>>> print(open('input.pdb').read())   # PDB, C-alpha atoms and all ligand atoms
ATOM      1  CA  MET C   1     -23.410   5.962 -36.174
ATOM      2  CA  LYS C   2     -19.914   4.819 -35.223
ATOM      3  CA  ALA C   3     -19.300   3.225 -31.830
ATOM      4  CA  LEU C   4     -16.613   1.294 -29.973
ATOM      5  CA  VAL C   5     -18.342  -1.982 -29.175
ATOM      6  CA  TYR C   6     -17.271  -4.834 -26.914
ATOM      7  CA  ASP C   7     -18.965  -8.163 -27.598
ATOM      8  CA  GLY C   8     -16.170 -10.481 -26.507
ATOM      9  CA  GLY C   9     -14.018  -8.755 -29.128
ATOM     10  CA  LEU C  10     -13.449  -5.021 -29.382
ATOM     11  CA  ARG C  11     -14.065  -3.031 -32.563
ATOM     12  CA  VAL C  12     -15.309   0.255 -33.954
ATOM     13  CA  GLN C  13     -18.440  -0.454 -35.968
ATOM     14  CA  GLU C  14     -21.656   1.052 -37.296
ATOM     15  CA  VAL C  15     -24.565   0.662 -34.878
ATOM     16  CA  PRO C  16     -28.076   2.172 -34.898
ATOM     17  CA  LYS C  17     -28.254   5.704 -33.462
ATOM     18  CA  PRO C  18     -29.944   5.408 -30.040
ATOM     19  CA  GLU C  19     -33.564   6.590 -29.722
ATOM     20  CA  PRO C  20     -34.361   8.454 -26.496
ATOM     21  CA  VAL C  21     -37.414   7.149 -24.637
ATOM     22  CA  ALA C  22     -39.687   9.426 -22.559
ATOM     23  CA  GLY C  23     -37.624  11.459 -20.100
ATOM     24  CA  GLU C  24     -34.372  10.849 -21.932
ATOM     25  CA  ALA C  25     -32.174  13.216 -23.895
ATOM     26  CA  LEU C  26     -30.196  12.470 -27.031
ATOM     27  CA  VAL C  27     -26.622  13.678 -26.599
ATOM     28  CA  ARG C  28     -24.001  14.067 -29.344
ATOM     29  CA  VAL C  29     -20.757  13.069 -27.677
ATOM     30  CA  LEU C  30     -17.875  15.531 -28.064
ATOM     31  CA  SER C  31     -15.219  13.840 -25.970
ATOM     32  CA  ALA C  32     -15.029  10.739 -23.792
ATOM     33  CA  GLY C  33     -12.445   9.454 -21.337
ATOM     34  CA  ILE C  34     -11.132   5.915 -20.965
ATOM     35  CA  CYS C  35     -11.237   4.727 -17.372
ATOM     36  CA  ASN C  36      -9.697   1.654 -15.738
ATOM     37  CA  THR C  37     -13.245   0.339 -15.371
ATOM     38  CA  ASP C  38     -13.425   0.152 -19.182
ATOM     39  CA  LEU C  39     -10.287  -1.977 -19.181
ATOM     40  CA  GLU C  40     -11.767  -4.179 -16.435
ATOM     41  CA  LEU C  41     -14.947  -4.598 -18.513
ATOM     42  CA  LEU C  42     -12.768  -6.124 -21.247
ATOM     43  CA  ARG C  43     -11.501  -8.597 -18.630
ATOM     44  CA  GLY C  44     -15.038  -9.661 -17.806
ATOM     45  CA  TYR C  45     -16.080  -7.221 -15.082
ATOM     46  CA  MET C  46     -19.923  -7.052 -14.908
ATOM     47  CA  GLY C  47     -20.155  -9.346 -17.955
ATOM     48  CA  PHE C  48     -20.844  -6.214 -20.030
ATOM     49  CA  ARG C  49     -21.567  -6.355 -23.756
ATOM     50  CA  GLY C  50     -22.235  -3.254 -25.834
ATOM     51  CA  VAL C  51     -20.909   0.265 -26.355
ATOM     52  CA  LEU C  52     -18.311   1.077 -23.684
ATOM     53  CA  GLY C  53     -17.648   4.443 -22.045
ATOM     54  CA  HIS C  54     -19.111   6.405 -19.117
ATOM     55  CA  GLU C  55     -17.001   9.588 -18.913
ATOM     56  CA  PHE C  56     -18.129  12.164 -21.458
ATOM     57  CA  VAL C  57     -19.055  15.682 -22.392
ATOM     58  CA  GLY C  58     -21.559  16.254 -25.184
ATOM     59  CA  MET C  59     -24.200  18.489 -26.793
ATOM     60  CA  VAL C  60     -27.892  17.866 -26.187
ATOM     61  CA  GLU C  61     -29.590  17.406 -29.546
ATOM     62  CA  HIS C  62     -32.995  16.372 -28.282
ATOM     63  CA  ALA C  63     -34.652  16.866 -24.896
ATOM     64  CA  GLU C  64     -38.119  17.556 -23.506
ATOM     65  CA  ASN C  65     -36.596  20.047 -21.062
ATOM     66  CA  GLU C  66     -35.986  23.284 -22.981
ATOM     67  CA  ALA C  67     -33.206  24.307 -20.608
ATOM     68  CA  LEU C  68     -31.111  21.399 -21.891
ATOM     69  CA  ARG C  69     -31.647  21.737 -25.635
ATOM     70  CA  GLY C  70     -28.509  22.678 -27.532
ATOM     71  CA  LYS C  71     -26.525  22.826 -24.303
ATOM     72  CA  ARG C  72     -23.163  21.279 -23.490
ATOM     73  CA  VAL C  73     -23.568  18.728 -20.731
ATOM     74  CA  VAL C  74     -21.940  16.061 -18.627
ATOM     75  CA  GLY C  75     -23.977  13.189 -17.227
ATOM     76  CA  GLU C  76     -24.375  11.021 -14.154
ATOM     77  CA  ILE C  77     -24.101   7.399 -15.133
ATOM     78  CA  ASN C  78     -26.648   5.608 -12.898
ATOM     79  CA  CYS C  79     -30.131   5.502 -14.434
ATOM     80  CA  VAL C  80     -32.670   4.666 -11.761
ATOM     81  CA  CYS C  81     -36.304   3.532 -11.424
ATOM     82  CA  HIS C  82     -37.559   5.860  -8.615
ATOM     83  CA  THR C  83     -39.849   3.113  -7.305
ATOM     84  CA  CYS C  84     -37.723   0.368  -5.745
ATOM     85  CA  HIS C  85     -36.859   0.212  -2.042
ATOM     86  CA  PHE C  86     -33.482   1.943  -2.381
ATOM     87  CA  CYS C  87     -34.891   4.697  -4.585
ATOM     88  CA  GLN C  88     -37.656   5.254  -2.000
ATOM     89  CA  ILE C  89     -35.175   5.623   0.865
ATOM     90  CA  GLU C  90     -33.087   8.124  -1.118
ATOM     91  CA  MET C  91     -30.274   5.786  -2.082
ATOM     92  CA  PRO C  92     -30.965   5.930  -5.812
ATOM     93  CA  HIS C  93     -27.427   5.065  -6.828
ATOM     94  CA  HIS C  94     -28.127   1.640  -5.320
ATOM     95  CA  CYS C  95     -31.395   1.298  -7.299
ATOM     96  CA  LEU C  96     -32.200  -2.390  -7.755
ATOM     97  CA  ASN C  97     -33.329  -1.801 -11.332
ATOM     98  CA  ARG C  98     -30.603   0.593 -12.394
ATOM     99  CA  THR C  99     -28.751   0.628 -15.636
ATOM    100  CA  VAL C 100     -25.330   2.243 -15.773
ATOM    101  CA  LEU C 101     -23.953   4.048 -18.794
ATOM    102  CA  GLY C 102     -21.471   1.804 -20.585
ATOM    103  CA  ILE C 103     -21.229  -0.546 -17.585
ATOM    104  CA  LEU C 104     -24.559  -2.259 -16.900
ATOM    105  CA  GLY C 105     -27.417  -2.791 -19.344
ATOM    106  CA  ARG C 106     -26.968   0.514 -21.195
ATOM    107  CA  ASN C 107     -24.843   1.525 -24.149
ATOM    108  CA  GLY C 108     -22.157   4.041 -23.312
ATOM    109  CA  ALA C 109     -20.266   7.095 -24.464
ATOM    110  CA  PHE C 110     -17.647   5.745 -26.886
ATOM    111  CA  ALA C 111     -20.033   6.551 -29.714
ATOM    112  CA  GLU C 112     -21.242   9.487 -31.726
ATOM    113  CA  TYR C 113     -24.475   9.604 -29.690
ATOM    114  CA  LEU C 114     -25.795   8.390 -26.363
ATOM    115  CA  THR C 115     -29.056   8.650 -24.473
ATOM    116  CA  LEU C 116     -29.445   9.374 -20.761
ATOM    117  CA  PRO C 117     -32.353  10.427 -18.552
ATOM    118  CA  GLU C 118     -32.577  14.220 -18.629
ATOM    119  CA  GLU C 119     -32.410  14.245 -14.830
ATOM    120  CA  ASN C 120     -28.869  12.813 -15.077
ATOM    121  CA  LEU C 121     -27.518  15.759 -17.085
ATOM    122  CA  HIS C 122     -25.659  18.786 -15.757
ATOM    123  CA  LEU C 123     -24.797  21.864 -17.787
ATOM    124  CA  ALA C 124     -21.055  22.213 -18.310
ATOM    125  CA  PRO C 125     -19.953  25.784 -17.474
ATOM    126  CA  ASN C 126     -18.584  27.644 -20.514
ATOM    127  CA  SER C 127     -15.284  28.186 -18.752
ATOM    128  CA  VAL C 128     -14.696  24.434 -18.536
ATOM    129  CA  ARG C 129     -13.358  23.198 -21.862
ATOM    130  CA  ASP C 130     -14.196  19.754 -23.235
ATOM    131  CA  ASP C 131     -10.911  18.105 -22.236
ATOM    132  CA  VAL C 132     -11.561  19.193 -18.654
ATOM    133  CA  ALA C 133     -15.341  18.638 -18.452
ATOM    134  CA  VAL C 134     -14.823  15.046 -19.554
ATOM    135  CA  PHE C 135     -13.225  14.423 -16.142
ATOM    136  CA  THR C 136     -16.369  15.349 -14.192
ATOM    137  CA  GLU C 137     -17.472  11.764 -13.530
ATOM    138  CA  PRO C 138     -14.180  10.530 -12.030
ATOM    139  CA  VAL C 139     -13.738  13.781 -10.067
ATOM    140  CA  ALA C 140     -17.263  13.262  -8.692
ATOM    141  CA  ALA C 141     -16.223   9.747  -7.673
ATOM    142  CA  ALA C 142     -13.381  11.300  -5.689
ATOM    143  CA  PHE C 143     -15.823  13.711  -4.004
ATOM    144  CA  ARG C 144     -17.871  10.713  -2.877
ATOM    145  CA  ILE C 145     -15.197  10.037  -0.238
ATOM    146  CA  VAL C 146     -15.818  13.445   1.319
ATOM    147  CA  GLU C 147     -19.527  12.578   1.596
ATOM    148  CA  GLN C 148     -18.747   9.264   3.264
ATOM    149  CA  VAL C 149     -15.876  10.099   5.616
ATOM    150  CA  LYS C 150     -15.777  13.060   7.961
ATOM    151  CA  PHE C 151     -12.285  14.563   8.077
ATOM    152  CA  THR C 152     -10.867  16.578  10.900
ATOM    153  CA  PRO C 153      -7.742  18.701  10.354
ATOM    154  CA  ALA C 154      -5.868  16.409  12.722
ATOM    155  CA  ASP C 155      -6.506  13.305  10.609
ATOM    156  CA  ARG C 156      -3.568  11.787   8.767
ATOM    157  CA  VAL C 157      -4.598  10.641   5.300
ATOM    158  CA  VAL C 158      -2.767   8.350   2.875
ATOM    159  CA  VAL C 159      -3.895   7.754  -0.704
ATOM    160  CA  LEU C 160      -2.434   4.600  -2.230
ATOM    161  CA  GLY C 161      -2.114   4.751  -6.005
ATOM    162  CA  ASP C 162      -0.760   7.366  -8.409
ATOM    163  CA  GLY C 163      -2.983   6.353 -11.325
ATOM    164  CA  LYS C 164      -5.864   8.367 -12.740
ATOM    165  CA  LEU C 165      -8.244   7.822  -9.839
ATOM    166  CA  GLY C 166      -5.566   8.037  -7.133
ATOM    167  CA  GLN C 167      -4.475  11.408  -8.509
ATOM    168  CA  LEU C 168      -8.011  12.793  -8.529
ATOM    169  CA  VAL C 169      -8.677  11.449  -5.039
ATOM    170  CA  ALA C 170      -5.450  13.036  -3.766
ATOM    171  CA  GLN C 171      -6.347  16.373  -5.349
ATOM    172  CA  VAL C 172      -9.888  16.392  -3.982
ATOM    173  CA  LEU C 173      -8.868  15.341  -0.462
ATOM    174  CA  TRP C 174      -6.055  17.925  -0.557
ATOM    175  CA  LEU C 175      -8.811  20.542  -0.683
ATOM    176  CA  HIS C 176      -9.954  19.255   2.725
ATOM    177  CA  THR C 177      -6.699  18.405   4.473
ATOM    178  CA  LYS C 178      -3.028  19.115   3.927
ATOM    179  CA  ASN C 179      -2.141  16.250   6.242
ATOM    180  CA  LEU C 180      -2.055  13.880   3.265
ATOM    181  CA  ILE C 181       0.451  11.784   1.336
ATOM    182  CA  CYS C 182      -0.184  10.136  -2.024
ATOM    183  CA  VAL C 183       1.882   6.981  -2.448
ATOM    184  CA  GLY C 184       2.728   5.577  -5.870
ATOM    185  CA  LYS C 185       5.133   3.504  -7.925
ATOM    186  CA  HIS C 186       5.832   5.924 -10.760
ATOM    187  CA  ARG C 187       8.068   8.950 -10.242
ATOM    188  CA  TRP C 188       6.653  10.767 -13.287
ATOM    189  CA  LYS C 189       3.088  10.307 -12.085
ATOM    190  CA  LEU C 190       3.955  11.451  -8.580
ATOM    191  CA  ASP C 191       5.659  14.482 -10.126
ATOM    192  CA  LEU C 192       2.296  15.578 -11.564
ATOM    193  CA  LEU C 193       0.998  15.816  -8.004
ATOM    194  CA  LYS C 194       4.195  17.361  -6.662
ATOM    195  CA  ASN C 195       3.793  20.097  -9.261
ATOM    196  CA  LEU C 196       0.482  20.914  -7.596
ATOM    197  CA  GLY C 197       2.164  21.098  -4.208
ATOM    198  CA  ILE C 198       0.749  17.795  -2.985
ATOM    199  CA  THR C 199       2.945  15.626  -0.756
ATOM    200  CA  THR C 200       3.922  12.322  -2.341
ATOM    201  CA  ALA C 201       5.981   9.268  -1.480
ATOM    202  CA  HIS C 202       7.299   6.298  -3.428
ATOM    203  CA  THR C 203       5.960   2.821  -2.591
ATOM    204  CA  ASP C 204       9.456   1.879  -1.416
ATOM    205  CA  ASP C 205       9.607   4.782   1.045
ATOM    206  CA  LEU C 206       8.965   4.195   4.698
ATOM    207  CA  ILE C 207       5.591   5.577   5.743
ATOM    208  CA  GLU C 208       4.701   5.874   9.363
ATOM    209  CA  ARG C 209       1.893   3.547  10.390
ATOM    210  CA  GLY C 210      -1.125   4.582  12.425
ATOM    211  CA  VAL C 211      -2.810   6.480   9.597
ATOM    212  CA  ASP C 212      -6.363   7.652  10.379
ATOM    213  CA  ILE C 213      -7.762   7.332   6.856
ATOM    214  CA  VAL C 214      -6.286   5.264   4.017
ATOM    215  CA  VAL C 215      -7.775   5.368   0.537
ATOM    216  CA  GLU C 216      -6.913   2.335  -1.596
ATOM    217  CA  ALA C 217      -6.863   3.333  -5.264
ATOM    218  CA  THR C 218      -4.460   0.794  -6.751
ATOM    219  CA  GLY C 219      -6.963  -2.043  -7.100
ATOM    220  CA  SER C 220      -4.150  -4.469  -6.320
ATOM    221  CA  TYR C 221      -3.562  -7.075  -3.637
ATOM    222  CA  GLU C 222      -0.360  -5.246  -2.657
ATOM    223  CA  GLY C 223      -2.273  -2.015  -2.264
ATOM    224  CA  PHE C 224      -4.872  -3.589  -0.018
ATOM    225  CA  SER C 225      -2.212  -5.265   2.141
ATOM    226  CA  ARG C 226      -0.295  -2.005   2.451
ATOM    227  CA  ALA C 227      -3.482  -0.200   3.376
ATOM    228  CA  LEU C 228      -4.147  -2.654   6.207
ATOM    229  CA  GLU C 229      -0.580  -2.228   7.392
ATOM    230  CA  LEU C 230      -0.861   1.564   7.485
ATOM    231  CA  VAL C 231      -4.331   2.180   8.871
ATOM    232  CA  ARG C 232      -4.564   2.643  12.635
ATOM    233  CA  PRO C 233      -6.813   0.533  14.882
ATOM    234  CA  GLU C 234     -10.396   1.817  14.486
ATOM    235  CA  GLY C 235      -9.190   3.818  11.500
ATOM    236  CA  THR C 236     -10.933   4.024   8.139
ATOM    237  CA  LEU C 237     -10.046   2.209   4.939
ATOM    238  CA  VAL C 238     -11.779   3.464   1.791
ATOM    239  CA  LEU C 239     -11.815   1.092  -1.184
ATOM    240  CA  LYS C 240     -12.027   3.061  -4.398
ATOM    241  CA  THR C 241     -11.290   0.677  -7.265
ATOM    242  CA  THR C 242     -13.287  -2.032  -8.978
ATOM    243  CA  VAL C 243     -11.511  -5.056 -10.417
ATOM    244  CA  ALA C 244     -12.771  -7.947 -12.519
ATOM    245  CA  HIS C 245     -11.090 -10.700 -10.552
ATOM    246  CA  PRO C 246     -11.410 -11.077  -6.791
ATOM    247  CA  THR C 247      -8.265 -11.778  -4.790
ATOM    248  CA  ALA C 248      -7.980 -13.903  -1.660
ATOM    249  CA  LEU C 249      -7.439 -11.534   1.255
ATOM    250  CA  ASP C 250      -6.722 -12.136   4.904
ATOM    251  CA  LEU C 251      -9.507 -10.259   6.632
ATOM    252  CA  SER C 252      -8.350 -11.004  10.165
ATOM    253  CA  VAL C 253      -6.472  -7.684  10.390
ATOM    254  CA  PRO C 254      -9.546  -5.483   9.874
ATOM    255  CA  VAL C 255     -11.374  -7.594  12.468
ATOM    256  CA  ILE C 256      -8.617  -7.495  15.067
ATOM    257  CA  ASN C 257      -7.955  -3.787  14.543
ATOM    258  CA  GLU C 258     -11.668  -2.960  14.177
ATOM    259  CA  ILE C 259     -11.124  -1.067  10.969
ATOM    260  CA  LYS C 260     -14.009   0.615   9.206
ATOM    261  CA  VAL C 261     -13.908  -0.562   5.579
ATOM    262  CA  ILE C 262     -15.892   1.699   3.258
ATOM    263  CA  GLY C 263     -16.642   0.881  -0.354
ATOM    264  CA  SER C 264     -16.877   4.007  -2.488
ATOM    265  CA  ARG C 265     -18.270   4.341  -6.013
ATOM    266  CA  CYS C 266     -20.031   7.222  -7.786
ATOM    267  CA  GLY C 267     -20.198  10.725  -6.389
ATOM    268  CA  PRO C 268     -21.813  14.160  -6.657
ATOM    269  CA  PHE C 269     -21.381  16.102  -9.924
ATOM    270  CA  ARG C 270     -21.989  19.588  -8.550
ATOM    271  CA  PRO C 271     -18.831  19.950  -6.421
ATOM    272  CA  ALA C 272     -16.862  18.189  -9.153
ATOM    273  CA  LEU C 273     -17.923  20.714 -11.800
ATOM    274  CA  GLU C 274     -17.272  23.555  -9.393
ATOM    275  CA  ALA C 275     -13.761  22.280  -8.594
ATOM    276  CA  LEU C 276     -12.988  21.928 -12.316
ATOM    277  CA  ALA C 277     -14.380  25.400 -13.085
ATOM    278  CA  LEU C 278     -12.346  26.998 -10.281
ATOM    279  CA  GLY C 279      -9.200  25.090 -11.219
ATOM    280  CA  ASN C 280      -9.128  23.521  -7.744
ATOM    281  CA  VAL C 281      -8.635  20.182  -9.433
ATOM    282  CA  GLU C 282      -6.125  20.255 -12.290
ATOM    283  CA  VAL C 283      -6.719  17.537 -14.871
ATOM    284  CA  ARG C 284      -5.030  18.694 -18.066
ATOM    285  CA  PRO C 285      -1.557  17.380 -17.167
ATOM    286  CA  MET C 286      -3.169  13.957 -16.819
ATOM    287  CA  VAL C 287      -4.133  13.723 -20.505
ATOM    288  CA  THR C 288      -1.618  11.452 -22.242
ATOM    289  CA  GLU C 289      -3.149  11.329 -25.696
ATOM    290  CA  ILE C 290      -6.296  12.018 -27.708
ATOM    291  CA  TYR C 291      -7.538   9.606 -30.389
ATOM    292  CA  PRO C 292     -10.380   9.896 -32.864
ATOM    293  CA  LEU C 293     -13.238   7.448 -32.194
ATOM    294  CA  SER C 294     -12.267   5.540 -35.357
ATOM    295  CA  GLU C 295      -9.027   4.581 -33.578
ATOM    296  CA  GLY C 296     -10.857   3.497 -30.428
ATOM    297  CA  VAL C 297      -9.275   0.045 -30.306
ATOM    298  CA  ARG C 298      -5.778   1.509 -30.415
ATOM    299  CA  ALA C 299      -6.801   4.058 -27.793
ATOM    300  CA  MET C 300      -7.954   1.285 -25.435
ATOM    301  CA  GLU C 301      -4.693  -0.592 -25.976
ATOM    302  CA  HIS C 302      -2.739   2.552 -25.189
ATOM    303  CA  ALA C 303      -4.831   3.166 -22.050
ATOM    304  CA  GLY C 304      -3.760  -0.247 -20.768
ATOM    305  CA  THR C 305      -0.031   0.500 -20.990
ATOM    306  CA  PRO C 306       1.938   1.624 -17.911
ATOM    307  CA  GLY C 307       3.054   4.846 -19.597
ATOM    308  CA  ALA C 308      -0.503   6.110 -20.051
ATOM    309  CA  MET C 309      -2.609   8.260 -17.784
ATOM    310  CA  LYS C 310      -5.872   9.548 -19.261
ATOM    311  CA  ILE C 311      -6.605   8.686 -22.874
ATOM    312  CA  LEU C 312      -9.429  10.666 -24.480
ATOM    313  CA  LEU C 313     -11.543   9.928 -27.520
ATOM    314  CA  HIS C 314     -12.789  12.784 -29.680
ATOM    315  CA  MET C 315     -15.871  12.044 -31.757
TER
HETATM  316 ZN    ZN R 401     -14.775   5.415 -14.621
HETATM  317 ZN    ZN R 402     -34.857   2.069  -8.071
END
>>> encode(input="input.pdb", output="C-alpha cells")
Amino acid sequence: MKALVYDGGLRVQEVPKPEPVAGEALVRVLSAGICNTDLELLRGYMGFRGVLGHEFVGMVEHAENEALRGKRVVGEINCVCHTCHFCQIEMPHHCLNRTVLGILGRNGAFAEYLTLPEENLHLAPNSVRDDVAVFTEPVAAAFRIVEQVKFTPADRVVVLGDGKLGQLVAQVLWLHTKNLICVGKHRWKLDLLKNLGITTAHTDDLIERGVDIVVEATGSYEGFSRALELVRPEGTLVLKTTVAHPTALDLSVPVINEIKVIGSRCGPFRPALEALALGNVEVRPMVTEIYPLSEGVRAMEHAGTPGAMKILLHM
C-alpha cells in the first residue's frame, strides 16, 4: 500500500499493508488531517520514524467485533496496555506502555490502511461527512479542557491562538461560556470565528488583564508570555500545544501569582462527535485544501505555510 513515511526524509512510498493483531481492526483510511503535531514530528518531536498521521476517518475492513465490520469510524489515538499502574488507576491515556497512532511507536493514518485496537474506534454518524468526521480527534482534544477545568458563567476566558487548534478550542469553550475572547495574529483566521459569532481580538489589541482562564494554543514563547501577563493571580493557564524544541521561560510569575498551569492533550471522542453531528462546532470553513495521498509531501509543505489552516489527504 501507499503511505507517507518520515524516516529523516519525507516521501510517499510503498510499504507492507499492516496486519491487525488480536483485538485490532484493519481500517481503510478515507480521509486524514494534517495537524501541527505532524509538522513538529518532522522537526524531531518524539523522535518519530514511520507513517505519520493521527486524524482520520475510515472504513473497517476487518474486525472481530461484528458491530464494527464495514462501518465508517474515527479512532482514539492512544493504544494502551490495561495492566500498568496508570491503566489500573483509570488514567489509560498516560499508560506507560502506550503507543500512539502516527506519533509514538505505531504507524499512522497517512496511508491506505491502518490498524488500531477495536476499543479505540467510534462509529461516525451518517450525518457527519468525511471532511467533518476527520476533525473528531482535534475537537476531542479541545473538549479535554472542559474535563480538566470547571467553568462558571462569571469566568473570563481568553484563548491565545487563531490556528487550527485555537479555533477548535474557542468553538468548544464558546459552548460553555460566552465570556470568551480568541486572540490571534491573522485577520482572515479571526474572521472565521467572527462569522460564528465568537468574540475575537488581534494580538496588538489591548486586552484587560486579570483573566480567570487562559488557554495557550500558539505554542510560541510570545504566547506563553502573553498568557502569564493576562491570567489573574490564582487563575488557570491551560497549555494546549506540543512543540519539538523547548524554550527558556521565566517561571517566577506563575510562582508569585500562584497560577495553576494545566497541560492538556487528548480528549473524549463522544462529545466531539456529538458537537460535529449537531453542527455546534463548524469545521468546514477551516479546510484550506485537499490533496491525494500521492501528493502527501506537497500537502505537508502547504500545511506548514502561514496561509494554510487544515490540509486534508484523501486516500
Ligand atoms: Zn493532532
Ligand atoms: Zn498501561
>>> closest_residue(input="input.pdb", among="C:Val80, C:Val215, C:Leu206, C:Leu168", to="Pro138 in chain C", atoms="only C-alpha atoms")
C:Leu168
>>> resolve_selection(input="input.pdb", expression="the PyMOL selection byres (((not hetatm)) within 6 of (chain R and resi 402))", output="number ranges by chain")
C: 80-84, 86-87, 92, 95-97
>>> residues_near_ligand(input="input.pdb", ligand="ligand ZN 401 (chain R)", cutoff="9 Å", atoms="all atoms listed in the file", output="MDAnalysis selection string")
chainID C and resid 33:38 53:55 137:138 141 165 266
>>> closest_residue(input="input.pdb", among="C:Val183, C:Ile103, C:Val74, C:Ile213", to="Leu39 in chain C", atoms="only C-alpha atoms")
C:Ile103
>>> closest_atom_pairs(input="input.pdb", of="range 271-312 of chain C", to="range 106-119 of chain C", cutoff="12 Å", atoms="all atoms listed in the file", output="Markdown table")
| residue | atom | partner | partner_atom | distance |
| --- | --- | --- | --- | --- |
| C:Tyr291 | CA | C:Phe110 | CA | 11.4 |
| C:Pro292 | CA | C:Phe110 | CA | 10.3 |
| C:Leu293 | CA | C:Phe110 | CA | 7.1 |
| C:Ser294 | CA | C:Ala111 | CA | 9.7 |
| C:Glu295 | CA | C:Phe110 | CA | 11.0 |
| C:Gly296 | CA | C:Phe110 | CA | 8.0 |
| C:Val297 | CA | C:Phe110 | CA | 10.7 |
| C:Ala299 | CA | C:Phe110 | CA | 11.0 |
| C:Met300 | CA | C:Phe110 | CA | 10.8 |
| C:Leu312 | CA | C:Phe110 | CA | 9.9 |
>>> resolve_selection(input="input.pdb", expression="the PyMOL selection byres (((chain C and resi 5-16) around 8) and not hetatm)", output="list in words")
Met1, Lys2, Ala3, Leu4, Lys17, Pro18, Leu42, Phe48, Arg49, Gly50, Val51, Leu52, Leu293, Ser294, Glu295, Gly296 and Val297 of chain C
>>> resolve_selection(input="input.pdb", expression="the PyMOL selection byres (((chain C and resi 147) around 12) and not hetatm)", output="tab-separated table (two decimals) with C-alpha atoms, in the frame of the given file")
chain	number	residue	atom	x	y	z
C	140	ALA	CA	-17.26	13.26	-8.69
C	141	ALA	CA	-16.22	9.75	-7.67
C	142	ALA	CA	-13.38	11.30	-5.69
C	143	PHE	CA	-15.82	13.71	-4.00
C	144	ARG	CA	-17.87	10.71	-2.88
C	145	ILE	CA	-15.20	10.04	-0.24
C	146	VAL	CA	-15.82	13.44	1.32
C	148	GLN	CA	-18.75	9.26	3.26
C	149	VAL	CA	-15.88	10.10	5.62
C	150	LYS	CA	-15.78	13.06	7.96
C	151	PHE	CA	-12.28	14.56	8.08
C	172	VAL	CA	-9.89	16.39	-3.98
C	173	LEU	CA	-8.87	15.34	-0.46
C	176	HIS	CA	-9.95	19.26	2.72
C	238	VAL	CA	-11.78	3.46	1.79
C	262	ILE	CA	-15.89	1.70	3.26
C	264	SER	CA	-16.88	4.01	-2.49
C	265	ARG	CA	-18.27	4.34	-6.01
C	266	CYS	CA	-20.03	7.22	-7.79
C	267	GLY	CA	-20.20	10.72	-6.39
C	268	PRO	CA	-21.81	14.16	-6.66
C	271	PRO	CA	-18.83	19.95	-6.42
>>> closest_residue(input="input.pdb", among="C:Glu274, C:Glu64, C:Glu282, C:Glu216", to="Thr242 in chain C", atoms="only C-alpha atoms")
C:Glu216
>>> closest_residue(input="input.pdb", among="C:Ala277, C:Ala308, C:Val261, C:Val253", to="Lys164 in chain C", atoms="only C-alpha atoms")
C:Ala308
>>> closest_residue(input="input.pdb", among="C:Pro233, C:Gly307, C:Gly70, C:Pro20", to="Ile256 in chain C", atoms="only C-alpha atoms")
C:Pro233
>>> atom_distance(input="input.pdb", atom1="CA of Asp204 in chain C", atom2="CA of Ser220 in chain C")
15.8 Å
>>> atom_distance(input="input.pdb", atom1="CA of Val134 in chain C", atom2="CA of Gln167 in chain C")
15.6 Å
>>> residues_around(input="input.pdb", residues="Gly184 in chain C", least_positions_apart="3", cutoff="9 Å", atoms="all atoms listed in the file", output="PyMOL selection string")
chain C and resi 159-163+166+187+189-190+200-204+218
>>> write_last_selection(input="input.pdb", atoms="C-alpha atoms", output="PDB file, in the frame of the given file")
ATOM      1  CA  VAL C 159      -3.895   7.754  -0.704  1.00  0.00           C
ATOM      2  CA  LEU C 160      -2.434   4.600  -2.230  1.00  0.00           C
ATOM      3  CA  GLY C 161      -2.114   4.751  -6.005  1.00  0.00           C
ATOM      4  CA  ASP C 162      -0.760   7.366  -8.409  1.00  0.00           C
ATOM      5  CA  GLY C 163      -2.983   6.353 -11.325  1.00  0.00           C
ATOM      6  CA  GLY C 166      -5.566   8.037  -7.133  1.00  0.00           C
ATOM      7  CA  ARG C 187       8.068   8.950 -10.242  1.00  0.00           C
ATOM      8  CA  LYS C 189       3.088  10.307 -12.085  1.00  0.00           C
ATOM      9  CA  LEU C 190       3.955  11.451  -8.580  1.00  0.00           C
ATOM     10  CA  THR C 200       3.922  12.322  -2.341  1.00  0.00           C
ATOM     11  CA  ALA C 201       5.981   9.268  -1.480  1.00  0.00           C
ATOM     12  CA  HIS C 202       7.299   6.298  -3.428  1.00  0.00           C
ATOM     13  CA  THR C 203       5.960   2.821  -2.591  1.00  0.00           C
ATOM     14  CA  ASP C 204       9.456   1.879  -1.416  1.00  0.00           C
ATOM     15  CA  THR C 218      -4.460   0.794  -6.751  1.00  0.00           C
TER      16      THR C 218
END
>>> atom_distance(input="input.pdb", atom1="CA of Glu19 in chain C", atom2="CA of His62 in chain C")
9.9 Å
>>> closest_residue(input="input.pdb", among="C:Met315, C:Tyr221, C:Pro153, C:His93", to="Met59 in chain C", atoms="all atoms listed in the file")
C:Met315
>>> residues_around(input="input.pdb", residues="Asp131 in chain C", least_positions_apart="6", cutoff="12 Å", atoms="only C-alpha atoms", output="ChimeraX atom specification")
/C:30-33,55-58,74,124,276,282-290,310-314
>>> axis_aligned_box(input="input.pdb", around="range 211-227 of chain C", padding_each_side="4 Å", output="lines of an AutoDock Vina configuration file")
center_x = -4.0
center_y = 0.3
center_z = 1.6
size_x = 15.5
size_y = 22.7
size_z = 25.5
>>> decode(input="input.pdb", residues="range 119-123 of chain C", atoms="N, CA and C atoms", output="tab-separated table (two decimals), in the first residue's frame")
chain	number	residue	atom	x	y	z
C	119	GLU	N	-11.22	-1.31	20.51
C	119	GLU	CA	-11.78	-0.48	21.59
C	119	GLU	C	-11.56	1.01	21.36
C	120	ASN	N	-10.62	1.35	20.46
C	120	ASN	CA	-10.34	2.77	20.18
C	120	ASN	C	-11.31	3.37	19.17
C	121	LEU	N	-12.10	2.52	18.49
C	121	LEU	CA	-12.90	3.02	17.37
C	121	LEU	C	-14.29	3.48	17.81
C	122	HIS	N	-14.76	4.51	17.15
C	122	HIS	CA	-16.12	5.03	17.36
C	122	HIS	C	-16.80	5.11	16.00
C	123	LEU	N	-18.06	4.70	15.95
C	123	LEU	CA	-18.80	4.81	14.70
C	123	LEU	C	-19.03	6.28	14.38
